[in-house]
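> Got a file for you: upload.txt, compact mmCIF, C-alpha atoms and all ligand atoms.
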```txt
# COMPACT_ATOMS: atom_id res chain seq x y z
CA MET I 1 23.23 34.16 15.51
CA VAL I 2 20.77 34.58 18.39
CA TYR I 3 18.49 36.51 16.07
CA HIS I 4 18.59 33.63 13.60
CA LEU I 5 17.75 31.06 16.22
CA LEU I 6 14.94 33.16 17.63
CA ARG I 7 13.54 33.75 14.18
CA LYS I 8 13.58 30.04 13.49
CA ILE I 9 11.88 29.17 16.75
CA LEU I 10 9.14 31.73 16.14
CA MET I 11 8.74 30.48 12.61
CA MET I 12 8.36 26.91 13.83
CA ARG I 13 5.72 27.90 16.35
CA ARG I 14 3.80 29.72 13.69
CA LEU I 15 4.09 26.81 11.27
CA ARG I 16 2.69 24.44 13.86
CA TYR I 17 -0.13 26.83 14.72
CA ASN I 18 -1.02 27.43 11.05
CA PHE I 19 -1.19 23.75 10.20
CA TYR I 20 -3.68 22.75 12.87
CA LYS I 21 -5.34 25.93 14.09
CA MET I 22 -5.89 28.27 11.15
CA ASP I 23 -9.53 28.47 10.08
CA ALA I 24 -10.65 28.82 6.48
CA GLU I 25 -11.14 32.56 6.72
CA GLN I 26 -7.73 33.16 8.31
CA LEU I 27 -6.11 31.03 5.64
CA HIS I 28 -7.82 32.96 2.87
CA GLU I 29 -6.80 36.32 4.34
CA HIS I 30 -3.24 35.13 4.92
CA GLN I 31 -2.92 33.87 1.33
CA GLN I 32 -4.30 37.07 -0.19
CA LYS I 33 -1.98 39.20 1.92
CA GLN I 34 1.10 37.15 1.07
CA LEU I 35 0.19 36.97 -2.62
CA GLY I 36 -0.01 40.75 -2.74
CA LYS I 37 3.36 41.07 -1.01
CA ILE I 38 5.19 38.48 -3.08
CA ILE I 39 3.85 39.80 -6.40
CA LYS I 40 4.83 43.35 -5.47
CA PHE I 41 8.27 42.15 -4.46
CA ALA I 42 8.74 40.39 -7.81
CA ILE I 43 7.60 43.44 -9.77
CA ASP I 44 10.00 45.68 -7.84
CA ASN I 45 13.00 43.36 -7.82
CA SER I 46 12.87 40.85 -10.66
CA PRO I 47 13.65 42.19 -14.15
CA TYR I 48 11.48 39.41 -15.62
CA TYR I 49 8.40 40.57 -13.74
CA HIS I 50 9.14 44.27 -13.95
CA ASN I 51 6.30 45.14 -16.30
CA VAL I 52 3.63 42.62 -15.38
CA SER I 53 0.27 43.44 -13.86
CA ASP I 54 0.01 43.11 -10.08
CA LYS I 55 -3.14 41.00 -10.45
CA TYR I 56 -2.54 37.34 -9.73
CA ASP I 57 -4.72 36.09 -12.62
CA GLU I 58 -2.74 38.12 -15.11
CA LEU I 59 0.70 36.86 -14.11
CA PRO I 60 2.39 34.83 -16.85
CA LEU I 61 2.47 31.08 -16.31
CA MET I 62 5.84 29.64 -15.37
CA ASN I 63 7.32 26.17 -15.75
CA LYS I 64 10.70 24.51 -15.44
CA GLN I 65 11.74 25.29 -18.99
CA ILE I 66 10.77 28.98 -18.85
CA MET I 67 12.45 29.24 -15.45
CA MET I 68 15.71 27.85 -16.79
CA ASP I 69 15.59 29.91 -19.99
CA ASN I 70 15.06 33.15 -18.05
CA PHE I 71 16.80 32.38 -14.78
CA ASP I 72 19.14 35.38 -14.89
CA LYS I 73 16.21 37.79 -15.22
CA ILE I 74 13.81 36.03 -12.87
CA ASN I 75 16.02 35.89 -9.79
CA THR I 76 16.13 39.06 -7.73
CA MET I 77 19.79 38.99 -6.71
CA GLY I 78 21.49 39.29 -10.09
CA LEU I 79 22.70 35.68 -9.96
CA LEU I 80 23.81 34.07 -13.20
CA LYS I 81 22.69 30.60 -14.19
CA SER I 82 26.05 29.77 -15.75
CA ASP I 83 27.91 30.62 -12.51
CA LEU I 84 25.53 28.58 -10.37
CA LEU I 85 25.63 25.54 -12.65
CA GLU I 86 29.41 25.64 -12.63
CA PHE I 87 29.44 26.05 -8.84
CA SER I 88 26.99 23.21 -8.21
CA LYS I 89 29.14 20.74 -10.16
CA THR I 90 31.91 20.85 -7.60
CA ASN I 91 30.70 22.57 -4.45
CA SER I 92 27.37 21.03 -3.58
CA MET I 93 28.16 21.09 0.15
CA ASN I 94 29.10 24.77 0.28
CA LEU I 95 27.13 27.96 -0.02
CA TYR I 96 27.52 30.06 -3.14
CA ALA I 97 29.02 33.48 -2.36
CA GLY I 98 28.90 32.42 1.28
CA LYS I 99 25.11 32.67 1.53
CA TYR I 100 23.10 30.95 -1.19
CA SER I 101 22.33 27.27 -1.21
CA VAL I 102 22.21 25.95 -4.73
CA GLY I 103 20.31 22.80 -5.61
CA MET I 104 20.25 21.20 -8.99
CA SER I 105 17.70 18.62 -10.01
CA SER I 106 17.94 16.59 -13.14
CA GLY I 107 14.53 15.94 -14.60
CA THR I 108 13.48 12.66 -16.11
CA SER I 109 13.94 13.98 -19.61
CA GLY I 110 17.39 15.25 -18.69
CA ASN I 111 16.42 18.91 -18.33
CA LYS I 112 18.10 20.36 -15.27
CA GLY I 113 16.41 22.63 -12.76
CA LEU I 114 18.11 25.16 -10.48
CA THR I 115 16.93 26.09 -6.99
CA VAL I 116 18.48 28.94 -5.06
CA LEU I 117 17.69 29.83 -1.48
CA GLY I 118 18.99 32.86 0.39
CA PRO I 119 19.79 32.83 4.15
CA GLU I 120 16.26 33.57 5.41
CA GLU I 121 14.77 31.12 2.96
CA ARG I 122 17.16 28.44 4.20
CA ASP I 123 15.98 29.11 7.76
CA ASN I 124 12.39 28.85 6.62
CA TYR I 125 13.06 25.64 4.78
CA THR I 126 14.72 24.10 7.81
CA ALA I 127 11.84 25.21 10.03
CA VAL I 128 9.31 23.66 7.66
CA LEU I 129 11.24 20.44 7.39
CA PHE I 130 11.52 20.28 11.16
CA THR I 131 7.89 21.06 12.01
CA ARG I 132 6.20 19.33 9.10
CA LYS I 133 8.09 16.13 8.59
CA GLY I 134 5.13 14.19 9.84
CA PHE I 135 6.62 12.23 12.73
CA PRO I 136 3.76 10.73 14.71
CA ASP I 137 3.59 11.97 18.31
CA GLY I 138 5.89 10.13 20.66
CA VAL I 139 8.84 9.50 18.36
CA LYS I 140 11.85 10.33 20.51
CA GLY I 141 15.59 10.51 19.97
CA LYS I 142 15.40 10.82 16.24
CA ARG I 143 18.40 9.49 14.39
CA ILE I 144 17.71 9.70 10.71
CA LEU I 145 19.20 8.15 7.65
CA PHE I 146 18.48 10.47 4.76
CA ALA I 147 19.06 8.98 1.33
CA LEU I 148 19.69 11.75 -1.16
CA ARG I 149 20.80 11.76 -4.72
CA ARG I 150 23.33 14.29 -3.64
CA ASN I 151 23.81 16.38 -0.56
CA ASN I 152 22.22 19.76 -0.52
CA PRO I 153 23.01 22.41 2.08
CA SER I 154 19.28 22.98 2.67
CA PHE I 155 19.12 19.62 4.34
CA MET I 156 22.36 19.85 6.25
CA GLU I 157 21.11 22.29 8.87
CA VAL I 158 18.49 19.99 10.29
CA GLY I 159 21.27 18.48 12.35
CA LYS I 160 21.21 21.56 14.54
CA PHE I 161 17.90 20.70 16.16
CA GLY I 162 19.08 17.83 18.31
CA ILE I 163 18.46 15.38 15.52
CA LYS I 164 21.26 13.26 14.19
CA ILE I 165 21.16 12.95 10.45
CA VAL I 166 23.28 10.71 8.30
CA TYR I 167 23.29 11.28 4.58
CA VAL I 168 23.79 8.60 2.07
CA ASP I 169 23.73 8.64 -1.69
CA TYR I 170 20.70 6.69 -2.79
CA THR I 171 22.57 4.68 -5.33
CA VAL I 172 24.31 2.87 -2.44
CA GLN I 173 23.24 -0.80 -2.09
CA ALA I 174 20.53 -1.62 0.43
CA SER I 175 22.84 -3.99 2.37
CA LYS I 176 25.42 -1.23 2.87
CA ILE I 177 22.69 1.12 4.04
CA ILE I 178 21.56 -1.43 6.61
CA GLU I 179 25.12 -1.65 7.95
CA LYS I 180 24.98 2.11 8.56
CA VAL I 181 21.52 1.87 10.15
CA ASN I 182 22.78 -0.82 12.55
CA ASN I 183 26.13 0.74 13.41
CA LEU I 184 24.66 4.15 14.17
CA LYS I 185 21.37 2.84 15.61
CA LEU I 186 19.35 5.00 13.27
CA THR I 187 15.61 4.92 13.97
CA VAL I 188 14.21 6.81 10.99
CA ILE I 189 14.88 5.94 7.36
CA ALA I 190 14.09 8.47 4.66
CA GLY I 191 14.38 7.77 0.97
CA PRO I 192 12.58 7.21 -2.31
CA PRO I 193 10.13 4.25 -2.28
CA SER I 194 12.20 2.24 -4.78
CA LEU I 195 15.10 2.23 -2.30
CA LEU I 196 12.88 1.70 0.78
CA ILE I 197 11.44 -1.41 -0.88
CA GLU I 198 14.95 -2.82 -1.34
CA ILE I 199 15.76 -2.15 2.32
CA ALA I 200 12.43 -3.74 3.33
CA LYS I 201 13.47 -7.01 1.67
CA LEU I 202 16.42 -7.17 4.10
CA VAL I 203 14.52 -5.89 7.12
CA ASP I 204 15.45 -8.99 9.18
CA GLN I 205 19.05 -7.79 9.18
CA ILE I 206 18.14 -4.59 11.06
CA ASP I 207 18.94 -5.21 14.72
CA HIS I 208 16.70 -2.61 16.39
CA ARG I 209 13.30 -1.01 16.02
CA ILE I 210 12.71 1.46 13.19
CA GLU I 211 10.21 4.10 14.30
CA VAL I 212 9.39 5.98 11.14
CA ILE I 213 9.84 5.57 7.41
CA ILE I 214 9.81 8.77 5.35
CA SER I 215 9.09 8.52 1.66
CA TYR I 216 9.83 11.20 -0.89
CA ALA I 217 11.05 11.95 -4.41
CA GLU I 218 8.97 9.26 -6.13
CA VAL I 219 5.27 8.42 -6.18
CA LEU I 220 4.33 6.39 -3.11
CA SER I 221 1.46 4.18 -4.22
CA ASP I 222 -0.86 2.55 -1.67
CA ASP I 223 0.48 -0.93 -2.42
CA ILE I 224 4.09 0.07 -1.75
CA LYS I 225 3.04 1.99 1.37
CA ASN I 226 1.32 -1.12 2.74
CA ILE I 227 4.37 -3.30 2.11
CA LEU I 228 6.63 -0.77 3.85
CA GLU I 229 4.31 -0.52 6.85
CA GLU I 230 4.12 -4.27 7.21
CA SER I 231 7.84 -4.90 6.71
CA PHE I 232 9.18 -2.22 9.03
CA LYS I 233 6.21 -2.30 11.43
CA ALA I 234 6.55 1.47 11.49
CA ALA I 235 4.56 4.51 10.41
CA VAL I 236 5.21 5.50 6.81
CA VAL I 237 4.95 9.23 6.23
CA GLN I 238 5.33 11.19 3.07
CA ILE I 239 7.06 14.44 2.25
CA TYR I 240 6.10 15.93 -1.06
CA GLN I 241 8.58 18.49 -2.21
CA GLY I 242 10.21 19.47 -5.41
CA SER I 243 12.62 22.14 -6.48
CA GLU I 244 9.52 24.36 -6.56
CA GLY I 245 9.04 24.14 -2.82
CA PHE I 246 7.86 22.16 0.14
CA ILE I 247 4.44 21.36 -1.24
CA ALA I 248 2.83 18.95 1.19
CA SER I 249 3.47 17.22 4.51
CA THR I 250 1.93 14.39 6.47
CA CYS I 251 -0.24 15.36 9.46
CA ARG I 252 -0.27 13.64 12.87
CA ASP I 253 -3.04 11.36 11.61
CA GLY I 254 -1.08 10.22 8.60
CA PHE I 255 -2.67 12.23 5.78
CA LEU I 256 -0.80 14.32 3.26
CA HIS I 257 -1.83 18.00 3.36
CA ILE I 258 -0.84 20.83 1.03
CA ASN I 259 1.16 23.42 2.99
CA GLU I 260 -1.42 26.03 2.09
CA ASP I 261 0.04 28.72 4.34
CA LEU I 262 3.25 28.55 2.28
CA ILE I 263 1.96 27.61 -1.15
CA TYR I 264 -1.00 29.02 -3.05
CA LEU I 265 -2.61 26.42 -5.24
CA GLU I 266 -4.49 26.71 -8.52
CA LEU I 267 -6.09 23.56 -9.87
CA GLU I 268 -6.69 22.86 -13.52
CA LYS I 269 -9.10 19.95 -13.66
CA TYR I 270 -8.57 17.09 -16.06
CA ASP I 271 -11.79 15.48 -14.92
CA ASP I 272 -13.90 15.54 -11.77
CA LYS I 273 -11.10 13.99 -9.70
CA VAL I 274 -7.69 14.57 -11.20
CA SER I 275 -6.03 17.97 -11.59
CA ARG I 276 -2.95 19.56 -12.90
CA VAL I 277 -1.47 21.98 -10.38
CA ILE I 278 -0.11 25.51 -10.55
CA ILE I 279 1.65 26.78 -7.45
CA THR I 280 2.85 30.08 -6.07
CA ASP I 281 5.34 30.05 -3.22
CA LEU I 282 4.14 32.73 -0.82
CA TYR I 283 7.57 33.38 0.67
CA ARG I 284 10.41 32.77 -1.76
CA THR I 285 12.05 35.98 -2.93
CA THR I 286 15.54 35.13 -4.25
CA GLN I 287 13.95 33.01 -6.97
CA PRO I 288 10.25 33.85 -7.06
CA ILE I 289 7.97 30.90 -7.81
CA LEU I 290 4.83 32.47 -9.28
CA ARG I 291 2.07 30.55 -11.08
CA TYR I 292 4.46 27.68 -11.66
CA GLU I 293 2.97 24.63 -13.40
CA LEU I 294 3.99 21.41 -11.75
CA ASN I 295 4.47 18.37 -13.88
CA ASP I 296 2.64 16.24 -11.30
CA ILE I 297 -1.01 15.36 -11.42
CA LEU I 298 -2.86 15.17 -8.14
CA GLU I 299 -6.16 14.09 -6.74
CA ILE I 300 -7.27 16.58 -4.10
CA ASP I 301 -9.52 15.52 -1.26
CA ASP I 302 -11.96 18.25 -0.24
CA GLU I 303 -13.13 16.47 2.88
CA ARG I 304 -11.97 17.99 6.17
CA CYS I 305 -9.29 15.90 7.90
CA ILE I 306 -9.73 14.38 11.35
CA CYS I 307 -6.53 16.11 12.46
CA GLY I 308 -8.42 19.43 12.38
CA SER I 309 -6.37 21.13 9.67
CA VAL I 310 -8.21 23.15 7.02
CA PHE I 311 -5.29 22.61 4.63
CA ARG I 312 -6.56 20.42 1.80
CA ARG I 313 -5.38 16.86 1.56
CA ILE I 314 -3.83 15.09 -1.39
CA ARG I 315 -5.68 11.86 -1.84
CA ARG I 316 -3.27 10.58 -4.41
CA ILE I 317 -0.25 11.70 -6.40
CA HIS I 318 -0.93 10.13 -9.76
CA GLY I 319 2.47 10.77 -11.27
CA ARG I 320 3.79 13.14 -13.88
CA SER I 321 1.51 14.57 -16.53
CA ASP I 322 4.12 13.46 -19.08
CA ASP I 323 3.29 9.90 -18.08
CA ILE I 324 -0.45 9.98 -18.65
CA PHE I 325 -1.20 7.26 -21.18
CA ILE I 326 -2.74 8.75 -24.29
CA LEU I 327 -5.22 6.52 -26.09
CA LYS I 328 -7.46 7.15 -29.07
CA ASP I 329 -11.22 7.08 -28.76
CA ARG I 330 -13.47 5.69 -31.45
CA ASP I 331 -13.55 9.01 -33.28
CA GLY I 332 -9.76 9.25 -33.31
CA ASN I 333 -9.55 11.86 -30.53
CA GLU I 334 -6.93 11.54 -27.80
CA VAL I 335 -8.12 10.52 -24.33
CA ASN I 336 -6.20 10.31 -21.05
CA LEU I 337 -5.68 7.15 -19.04
CA PHE I 338 -4.19 8.30 -15.73
CA PRO I 339 -1.15 6.49 -14.29
CA ASP I 340 -2.96 5.43 -11.14
CA TYR I 341 -5.56 3.48 -13.12
CA VAL I 342 -2.83 1.59 -14.94
CA ARG I 343 -1.14 0.92 -11.61
CA ARG I 344 -4.35 -0.47 -10.14
CA SER I 345 -4.99 -2.62 -13.19
CA ILE I 346 -1.70 -4.36 -12.46
CA ILE I 347 -1.57 -4.65 -8.69
CA LEU I 348 -5.20 -5.66 -8.25
CA ALA I 349 -4.64 -8.66 -10.52
CA SER I 350 -2.69 -10.56 -7.85
CA ASP I 351 -1.09 -10.18 -4.42
CA ASN I 352 2.02 -11.89 -5.78
CA ILE I 353 3.04 -9.11 -8.15
CA SER I 354 5.98 -6.86 -7.33
CA ASN I 355 8.42 -4.51 -9.01
CA TYR I 356 6.07 -3.72 -11.85
CA GLN I 357 6.31 -1.21 -14.64
CA ALA I 358 4.03 -0.28 -17.52
CA ILE I 359 5.37 1.61 -20.50
CA GLN I 360 3.22 3.08 -23.23
CA LEU I 361 5.32 2.80 -26.40
CA ASP I 362 2.82 4.38 -28.78
CA HIS I 363 -0.92 5.10 -28.92
CA ASN I 364 -1.64 1.50 -29.52
CA HIS I 365 0.95 -0.42 -27.50
CA ILE I 366 1.54 -0.91 -23.78
CA GLU I 367 4.38 -3.07 -22.45
CA ILE I 368 4.04 -4.48 -18.96
CA ARG I 369 6.78 -5.90 -16.76
CA PHE I 370 6.49 -7.41 -13.30
CA GLU I 371 7.92 -10.00 -10.97
CA TYR I 372 5.54 -12.73 -9.93
CA THR I 373 5.81 -15.36 -7.22
CA GLY I 374 2.51 -17.19 -7.72
CA ASP I 375 1.75 -20.19 -9.90
CA ASP I 376 -0.75 -18.96 -12.45
CA LEU I 377 1.00 -16.39 -14.58
CA VAL I 378 -1.39 -16.79 -17.51
CA ALA I 379 -4.46 -16.02 -15.41
CA VAL I 380 -2.75 -13.00 -13.86
CA ARG I 381 -1.81 -11.62 -17.26
CA ASP I 382 -5.39 -12.12 -18.47
CA GLU I 383 -6.68 -10.32 -15.42
CA ILE I 384 -4.39 -7.32 -16.04
CA VAL I 385 -5.54 -7.09 -19.66
CA MET I 386 -9.16 -7.28 -18.53
CA ASN I 387 -8.64 -4.53 -15.94
CA ILE I 388 -7.04 -2.19 -18.47
CA ARG I 389 -9.79 -2.96 -20.96
CA SER I 390 -12.48 -2.01 -18.49
CA TYR I 391 -10.83 1.41 -17.96
CA CYS I 392 -10.59 1.82 -21.76
CA ASP I 393 -14.30 1.02 -22.07
CA LYS I 394 -15.15 3.71 -19.57
CA LEU I 395 -13.15 6.18 -21.69
CA ASN I 396 -14.68 4.93 -24.92
CA ALA I 397 -11.11 4.32 -26.02
CA ASP I 398 -9.74 1.78 -28.48
CA ILE I 399 -8.14 -1.11 -26.64
CA PRO I 400 -4.36 -0.92 -27.12
CA ASN I 401 -2.17 -3.99 -27.64
CA ILE I 402 -0.83 -5.13 -24.32
CA SER I 403 2.37 -7.16 -24.31
CA PHE I 404 4.24 -8.69 -21.40
CA SER I 405 8.01 -8.57 -21.14
CA ASN I 406 10.40 -10.52 -18.93
CA LYS I 407 12.61 -7.48 -18.51
CA LEU I 408 12.91 -5.92 -15.07
CA ALA I 409 11.50 -2.52 -14.17
CA GLU I 410 14.10 0.13 -14.91
CA LYS I 411 14.90 3.47 -13.30
CA ASN I 412 15.02 6.61 -15.37
CA ILE I 413 18.64 7.13 -16.42
CA ASN I 414 18.58 10.91 -16.01
CA SER I 415 16.85 11.32 -12.68
CA ASN I 416 17.58 7.87 -11.23
CA LYS I 417 13.94 7.70 -10.15
CA MET I 418 11.74 4.67 -10.48
CA ILE I 419 8.71 5.65 -12.56
CA ARG I 420 6.38 2.68 -12.58
CA ILE I 421 3.92 4.00 -15.10
CA LYS I 422 5.59 5.89 -17.93
CA ARG I 423 4.85 7.07 -21.42
CA ASP I 424 7.69 6.75 -23.87
CA PHE I 425 6.51 8.78 -26.82
ZN ZN C 501 -4.73 15.67 8.67
```
Kindly present the structure from the file in structure tokens form.


Amino acid sequence: MVYHLLRKILMMRRLRYNFYKMDAEQLHEHQQKQLGKIIKFAIDNSPYYHNVSDKYDELPLMNKQIMMDNFDKINTMGLLKSDLLEFSKTNSMNLYAGKYSVGMSSGTSGNKGLTVLGPEERDNYTAVLFTRKGFPDGVKGKRILFALRRNNPSFMEVGKFGIKIVYVDYTVQASKIIEKVNNLKLTVIAGPPSLLIEIAKLVDQIDHRIEVIISYAEVLSDDIKNILEESFKAAVVQIYQGSEGFIASTCRDGFLHINEDLIYLELEKYDDKVSRVIITDLYRTTQPILRYELNDILEIDDERCICGSVFRRIRRIHGRSDDIFILKDRDGNEVNLFPDYVRRSIILASDNISNYQAIQLDHNHIEIRFEYTGDDLVAVRDEIVMNIRSYCDKLNADIPNISFSNKLAEKNINSNKMIRIKRDF
């Protein structure tokens, strides 16, 4: 017990040091050393990796589907996917076999993902969450409301660090959540942006000051971030994590940095700004995460941050690669229109637009939905069409048909996430 606590405290000190004090050379050396260790560990202990080369570049690429198809061979503890899936249906609050936390994510297309953490990995996770949750300096007496799709033991332990955490399922109505926030005097609210926006609409009902808003699980676009900051009059920080790991955290100056001491990053460029990302978790051993292709597309900022960290910043999370709009250029070739450009085409048309969604139905048809409180809907629609057209022109793409629907934006039925820009074919 004492050993555990000591280990965690040391880990937290190191995490804090790494984030702000590591220089580029130290980071490079650290990554190379850990990569060597983690690859060797996988070769020695994971049947799936038994015969692969120990050179990073020659490791096979991994993704969610391959992970799930080969889970029994990839994990290093002889765990069986069927047992874990069965266990996670009923025992999400307990540890499997008394020591493994089991998380299950349901993807937007309904494909499930399994995450297993052993005891040391749980400690590490807790330490990362605690040191890198991005609270600005000076936030005291943290009492957090954490909205989760379902409870996961990885999160439960944070309560041990003098922080009070209340979990709530994020399908609960915003008004009920506010009751909890008031009754328990919670000062930090963490949840997906689509829920935070609903709470923001009722912000007048909160009877005390909220110090920090934490956003995760869905894309936090600049427009939504601004609304949250203005409504809650609080700092809005972002945690970017998936079942693949704790990928990025907000620094003390409010920028999102890749946790490069924990995650090794490979970028596959779509164009000069936007990249697809392949990650390797430098520490996970129960379920090695090696050259794992994320579905997200990111814009990486190479400029050094004012906070002093050499960890690279994420300028923007564009969304999932599955949601890139695919248009045809004049020669019939497919070209990519990235989700963030579609998003901007809509929100820049008017300040009175909210709760928007754009769905590409086929190569030649985009449906747009939004709520509007102004008095010139026709002009706003024209403006949106013009904005999208100007992006299409830059791509040399055929202009798709753009239709407007009175339907409301809808969450994905499998993952319960709000995906504002989505491709449906
Ligand atoms: Zn920074």

> State, in Å with one decimal place, the distance from CA of Ile227 in chain I to CA of Val277 in chain I.

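Between CA of Ile227 in chain I and CA of Val277 in chain I the gap is 28.8 Å.
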
> List all protein, DNA and RNA residues that have an atom no more than 6 Å from any atom of ligand ZN 501 (chain C), counting all atoms listed in the file, and report them as a ChimeraX atom specification.

/I:251,253,255,305-307,309

> Take CA of Phe338 in chain I and CA of Leu114 in chain I and report the distance between them in Å, one decimal.

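Separating CA of Phe338 in chain I from CA of Leu114 in chain I is a distance of 28.4 Å.
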
> Give me the residues within 10 Å of Tyr20 in chain I as a list of chain:residue names, counting all atoms listed in the file and dropping any in the same chain fewer than 2 places off.

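The contact residues come out as I:Leu15, I:Arg16, I:Tyr17, I:Asn18, I:Met22, I:Asp23, I:Cys251, I:Arg252, I:Cys307, I:Gly308, I:Ser309, I:Val310, I:Phe311.
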
> Please indicate the distance in Å from CA of Leu282 in chain I to CA of Gly118 in chain I, rounded to one decimal place.

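One can read the CA of Leu282 in chain I to CA of Gly118 in chain I distance as 14.9 Å.
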